[in-house]
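Visitor: Quick one: the structure is below, and I'll ask about it shortly.
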Amino acid sequence: MDKMLRNKKAIILFMLPAFLLFTLVLFIPIVQSVYYSFCDYKGITEPVYVGLKNYKTLLSDKTFGIALKNSMFFLIFSCVSQLIVGLIFAALLTNIKKGRNAFKNIIYLPCVLSSAALGLMWMFIFSPKLGINQLLEKCGVEEAPLWLMDTKGYIILPMWVIAFVSLWQYVGQSMMLYMAQISGISKSLMEASYIDGCTKAQTFRYITLPLIKPMVATAMSLNAIGSLKFFDLIFNMTEGGPNHKTEVLATHLYQQGFKYFKYGYASAIGVVLLILCLLVTLFINKVVKTEQYEM
Amino acid sequence: MKKRRLLATLMTAAMFATTLTGCGGSSGGSSNNSGSGSSATTNNNGGGSSDGVQEITWMFWDDLNATEDKISLGYKDTIERFNKDFEGKYHVTPITTNLEEYYNNLNAHVSAGETPDVFIVSPGPQLTDYVEPGVAAPLDEYLNKDGWKDTFKSDAVFTQQTYDGKIYAVPLNTAAACCFYNTEMFEKAGASVPKNWDEMITACDKLKAAGYTPVTISAGTAWCLSMVAGYLCEAEGVSLPKLADGSASWEDGKLESVGNKLLQFSEYFQRTAAGDTNDVATANFYNEEAAILIQGSWVIGQMNGANPEFESKCGVFQFPGVERLIAKSDSLCMSSTTKYPEASAALIKYFTDDTAQKYTAEVGGKIPVTNVKYDESVAPKQLSYVMDIFGKAKGTFGFYNESMPTTETGAHFDDTMVAVFLKDMTPAEAAKDMEDYYKANCRK
């Protein structure tokens, strides 16, 4: 092994493909996006440097304000809800013996299905004339809620609906991560806690939770990034409407880039997203302090 | 430890940034390429085949295999006729997408350097978006060949497609925005065809009292609601050119009055107007769930295709209180980068030949742009009503959102009108917002 590590040619040879791929697929596009965010760039003409104009425009863009608010809502909602529901599922499933795999598959299944197809399915379910409302009508409800059209309130009903759909879709991922971590905890630790008189709840609180904390940080970071770049469900369920009220940063970016040819402005939104991702990841890593335990 | 955390943070952020960048880059490819009778190809700008056939692409805003719209079906026929007549020489493959996503997908194709050889576009700022950067090619050379241009009703049909004396798009048909109404519902409710705004409100009151939903409209597809606002602006005497050059102001009270009327009118809309798409709102009408639909006459083909029995119940009247009509044409552009301009021009010509134009009127219910003679007795009844209205109108004007300085300004107007309808803004705030927007973006 040492001999191999001393062979610089081998090191370069093994690292080169990954390095090239990283540079071409990651680094160059990021740098390009940052550069375009300082330009008036329509995609089909040469970019013209305009300094901070795009960022100044962001400050007066009402739709950007709505999109930012909605993205932050998704961020908070998904971090909290997926943490709680994911943990509950993981704790329950690790403690049952029969049907564990079946439940695991059922809960995880939406994660592997196409978000576009799921978005359309839920759009039909929440359509005013189909799905839930038809059932409610049969139950005697005359004016059923307009699940994806209501515009009242600070966080409007369609946002809550989409947030719950996204929880349904992605909670399986959090659950799997927690389950993987829980299954790595030594049984002797659990047994020791039971011998010391702990109930199951106390064991979970004092043994399981501290030991899965590193995974909580990882899962929360993934949730946070996933919810900030949230696009497909919204696009398929509401397309950002009514009147941009369910727009999030990624859908706003898409509309600005592809509808109005404003690639420079769209890149500025992308850079803001990038910064948000960095800040949120740093925040989570700082808040969820993890210590390594011997498991 | 800190370094590790920093590295992990950077990596996750980088992962996310790439996802976004990847999204941008791949959108062109992910657009819905559904061919009509043949598989769509991304081999744009003329993919020549080994047997010498010139392969071109045509991009359109409806799914030709799923649509019931008779105009779209007519376009499908034209494509098939073209491929059959030019077998072994030219071949066109359609790239289709839904209307709402059409421009996003087209723009993605253009940005990726895969501009379709021929593509449909609305005249106005949307066409300007493709003419100014040189995406669309001038077509005068082809129009002047073999007397093609002489087949059109007049040179005036090219007015909206002409830039610096050059024609950049060929119109295929004309449609006028009118009020379509259910004659049976009107009769049962004792309502009469309104001539002015007050009569319109009276008719809506009677329809509502009779238990009908008076008006079906889409605010989910913002331009539908904005079309009504456009007519109300016309009735108030709003002048878009004066607003653009700064000699008039949006805050002169006219737009505020428009907003108030829109709010008054919205009392008669279906409950789901805020989120209904154009297609859903139109379906409400031809499925007899509402009495009035304000829409372009292109809807005739859609209604008669989906519910042929409704034709006999469908009347048409001009938007009350205005003397001019909103008119619009579908137009075809040719890519400036096409490898096969002759094939592309031949395809556009097929859309304006007698067979296609006769179909436009006799089956599709739209107004032809050429001098073709069509059989009025077989054409949809609604077309004759529209033609009557057209004959009596004192002129035409474009859709408001398509008559503003830029596509984005038009979209801003649409959104502002929807905001008034949703009561997110008062009419006075909407007027101020439009004035501020014009000051910041439209006036020099």
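So you can find residues: chains in the structure tokens are A, B, ... in the order shown, residues in each start at 1, and ligands are numbered from 1 in order.
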Report as a count of residues only all protein, DNA and RNA residues lying within 7 Å of Leu172 (chain B), evaluated on only C-alpha atoms, omitting residues in the same chain fewer than 5 positions from it.

Guide: 6

Visitor: I'd like a table as a tab-separated table: residues in chain A with an atom no more than 9 Å from chain B, each row giving the shortest atom pair and its distance in Å to one decimal, only C-alpha atoms counted, sorted by chain and rising residue number.

Guide:
```
residue	atom	partner	partner_atom	distance
A:Val25	CA	B:Thr18	CA	7.1
A:Leu26	CA	B:Thr18	CA	5.5
A:Phe27	CA	B:Ala14	CA	8.0
A:Pro29	CA	B:Thr21	CA	6.4
A:Ile30	CA	B:Ala17	CA	6.5
A:Ser33	CA	B:Thr21	CA	7.7
A:Lys42	CA	B:Ser111	CA	8.5
A:Gly43	CA	B:Ser111	CA	5.4
A:Ile44	CA	B:Ser111	CA	5.6
A:Thr45	CA	B:Pro133	CA	6.7
A:Pro128	CA	B:Thr272	CA	7.4
A:Leu146	CA	B:Thr272	CA	7.4
A:Leu148	CA	B:Gly275	CA	7.3
A:Met149	CA	B:Gly275	CA	5.0
A:Asp150	CA	B:Ala274	CA	7.9
A:Thr151	CA	B:Leu422	CA	7.6
A:Ser221	CA	B:Thr12	CA	8.4
A:Leu222	CA	B:Thr12	CA	8.3
A:Ile225	CA	B:Phe16	CA	7.0
A:Gly226	CA	B:Phe16	CA	8.4
A:Lys229	CA	B:Phe16	CA	7.6
A:Thr238	CA	B:Gly275	CA	8.2
A:Gly241	CA	B:Gly220	CA	6.6
A:Pro242	CA	B:Gly275	CA	5.5
A:Asn243	CA	B:Asp415	CA	6.2
A:His244	CA	B:Asp415	CA	8.4
A:Ala250	CA	B:Leu20	CA	8.1
A:Tyr254	CA	B:Gly24	CA	7.9
A:Gln255	CA	B:Asn104	CA	7.6
A:Gly257	CA	B:Gly24	CA	8.3
A:Phe258	CA	B:Asn104	CA	4.7
A:Lys259	CA	B:Asn104	CA	4.7
A:Tyr260	CA	B:Glu408	CA	6.6
A:Phe261	CA	B:Asn107	CA	7.0
A:Gly270	CA	B:Leu20	CA	7.3
A:Val271	CA	B:Ala17	CA	8.2
A:Leu273	CA	B:Ala17	CA	8.1
A:Leu274	CA	B:Ala17	CA	6.0
A:Ile275	CA	B:Ala13	CA	8.0
A:Leu276	CA	B:Ala13	CA	8.9
A:Cys277	CA	B:Ala13	CA	5.8
A:Leu278	CA	B:Ala13	CA	5.6
A:Leu279	CA	B:Thr9	CA	8.8
A:Thr281	CA	B:Thr9	CA	5.9
A:Leu282	CA	B:Thr9	CA	6.4
A:Asn285	CA	B:Arg5	CA	7.4
```

Visitor: Determine, counting only C-alpha atoms, which protein, DNA and RNA residues have an atom within 8 Å of an atom of region 156-168 of chain A; residues of the same chain fewer than 6 positions away are not included. Present the result as a PyMOL selection string.

Guide: chain A and resi 70+74+77-78+81-82+110+122+147-150+233-234+237+245-246

Visitor: Restricting it to C-alpha atoms, dump the selection as a PDB file, in the first residue's frame.

Guide:
```pdb
ATOM      1  CA  ASN A  70     -41.849  29.814   0.143  1.00  0.00           C
ATOM      2  CA  PHE A  74     -40.177  24.399   2.710  1.00  0.00           C
ATOM      3  CA  PHE A  77     -41.146  22.444   7.261  1.00  0.00           C
ATOM      4  CA  SER A  78     -39.194  19.615   5.679  1.00  0.00           C
ATOM      5  CA  SER A  81     -41.284  17.256   9.762  1.00  0.00           C
ATOM      6  CA  GLN A  82     -38.884  14.803   8.159  1.00  0.00           C
ATOM      7  CA  PRO A 110     -42.419   7.215  -3.280  1.00  0.00           C
ATOM      8  CA  TRP A 122     -51.501  14.635  -6.593  1.00  0.00           C
ATOM      9  CA  TRP A 147     -56.514  22.806  -2.241  1.00  0.00           C
ATOM     10  CA  LEU A 148     -54.252  24.131  -4.966  1.00  0.00           C
ATOM     11  CA  MET A 149     -56.008  27.416  -5.696  1.00  0.00           C
ATOM     12  CA  ASP A 150     -56.725  29.096  -2.389  1.00  0.00           C
ATOM     13  CA  LEU A 233     -43.621  18.764  -7.357  1.00  0.00           C
ATOM     14  CA  ILE A 234     -44.415  22.481  -7.415  1.00  0.00           C
ATOM     15  CA  MET A 237     -48.899  20.613  -9.149  1.00  0.00           C
ATOM     16  CA  LYS A 245     -47.984  32.551  -5.048  1.00  0.00           C
ATOM     17  CA  THR A 246     -46.483  29.049  -4.903  1.00  0.00           C
TER      18      THR A 246
END
```

Visitor: Run DSSP on the backbone and grab whatever in region 123-164 of chain B lands in strand (DSSP E or B); send it over as a compact mmCIF listing (two decimals) with N, CA and C atoms, in the first residue's frame.

Guide:
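Written file, states36.txt:
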```
# COMPACT_ATOMS: atom_id res chain seq x y z
N ALA B 136 -34.74 34.20 -35.97
CA ALA B 136 -35.66 34.00 -37.10
C ALA B 136 -35.06 34.60 -38.37
N PHE B 152 -52.03 35.89 -50.50
CA PHE B 152 -52.58 36.41 -49.23
C PHE B 152 -53.58 37.54 -49.50
N THR B 162 -43.56 42.23 -39.73
CA THR B 162 -42.54 42.96 -40.50
C THR B 162 -41.65 43.80 -39.58
N TYR B 163 -40.35 43.67 -39.79
CA TYR B 163 -39.36 44.44 -39.02
C TYR B 163 -38.39 45.06 -40.03
```

Visitor: Applying 10 Å and only C-alpha atoms, which residues near Cys442 (chain B) remain after dropping the ones on its own chain fewer than 2 positions away? List them as number ranges by chain.

Guide: B: 243-246, 404-406, 409, 435-440, 444

Visitor: Using C-alpha atoms, can you write the selected residues to a file as a tab-separated table (two decimals), in the first residue's frame?

Guide:
```
chain	number	residue	atom	x	y	z
B	243	LEU	CA	-48.04	54.98	-22.19
B	244	ALA	CA	-44.86	53.64	-23.73
B	245	ASP	CA	-43.50	57.05	-24.73
B	246	GLY	CA	-44.49	58.61	-21.41
B	404	MET	CA	-46.44	46.08	-24.85
B	405	PRO	CA	-42.75	46.87	-25.26
B	406	THR	CA	-41.44	43.48	-24.10
B	409	THR	CA	-43.96	43.81	-19.62
B	435	GLU	CA	-46.73	53.16	-13.92
B	436	ASP	CA	-43.69	52.35	-11.78
B	437	TYR	CA	-42.90	49.35	-13.97
B	438	TYR	CA	-43.13	51.41	-17.17
B	439	LYS	CA	-40.94	54.14	-15.67
B	440	ALA	CA	-38.31	51.60	-14.64
B	444	LYS	CA	-36.16	56.00	-22.04
```

Visitor: Determine, counting only C-alpha atoms, which protein, DNA and RNA residues have an atom within 10 Å of an atom of Leu68 (chain A); residues of the same chain fewer than 6 positions away are not included. Present the result as a list of chain:residue names.

Guide: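 Non-adjacent residues within range: A:Lys62, A:Phe74, A:Leu228, A:Glu247, A:Val248, A:Leu249, A:Ala250, A:His252, A:Ile269, A:Val272, A:Leu273.
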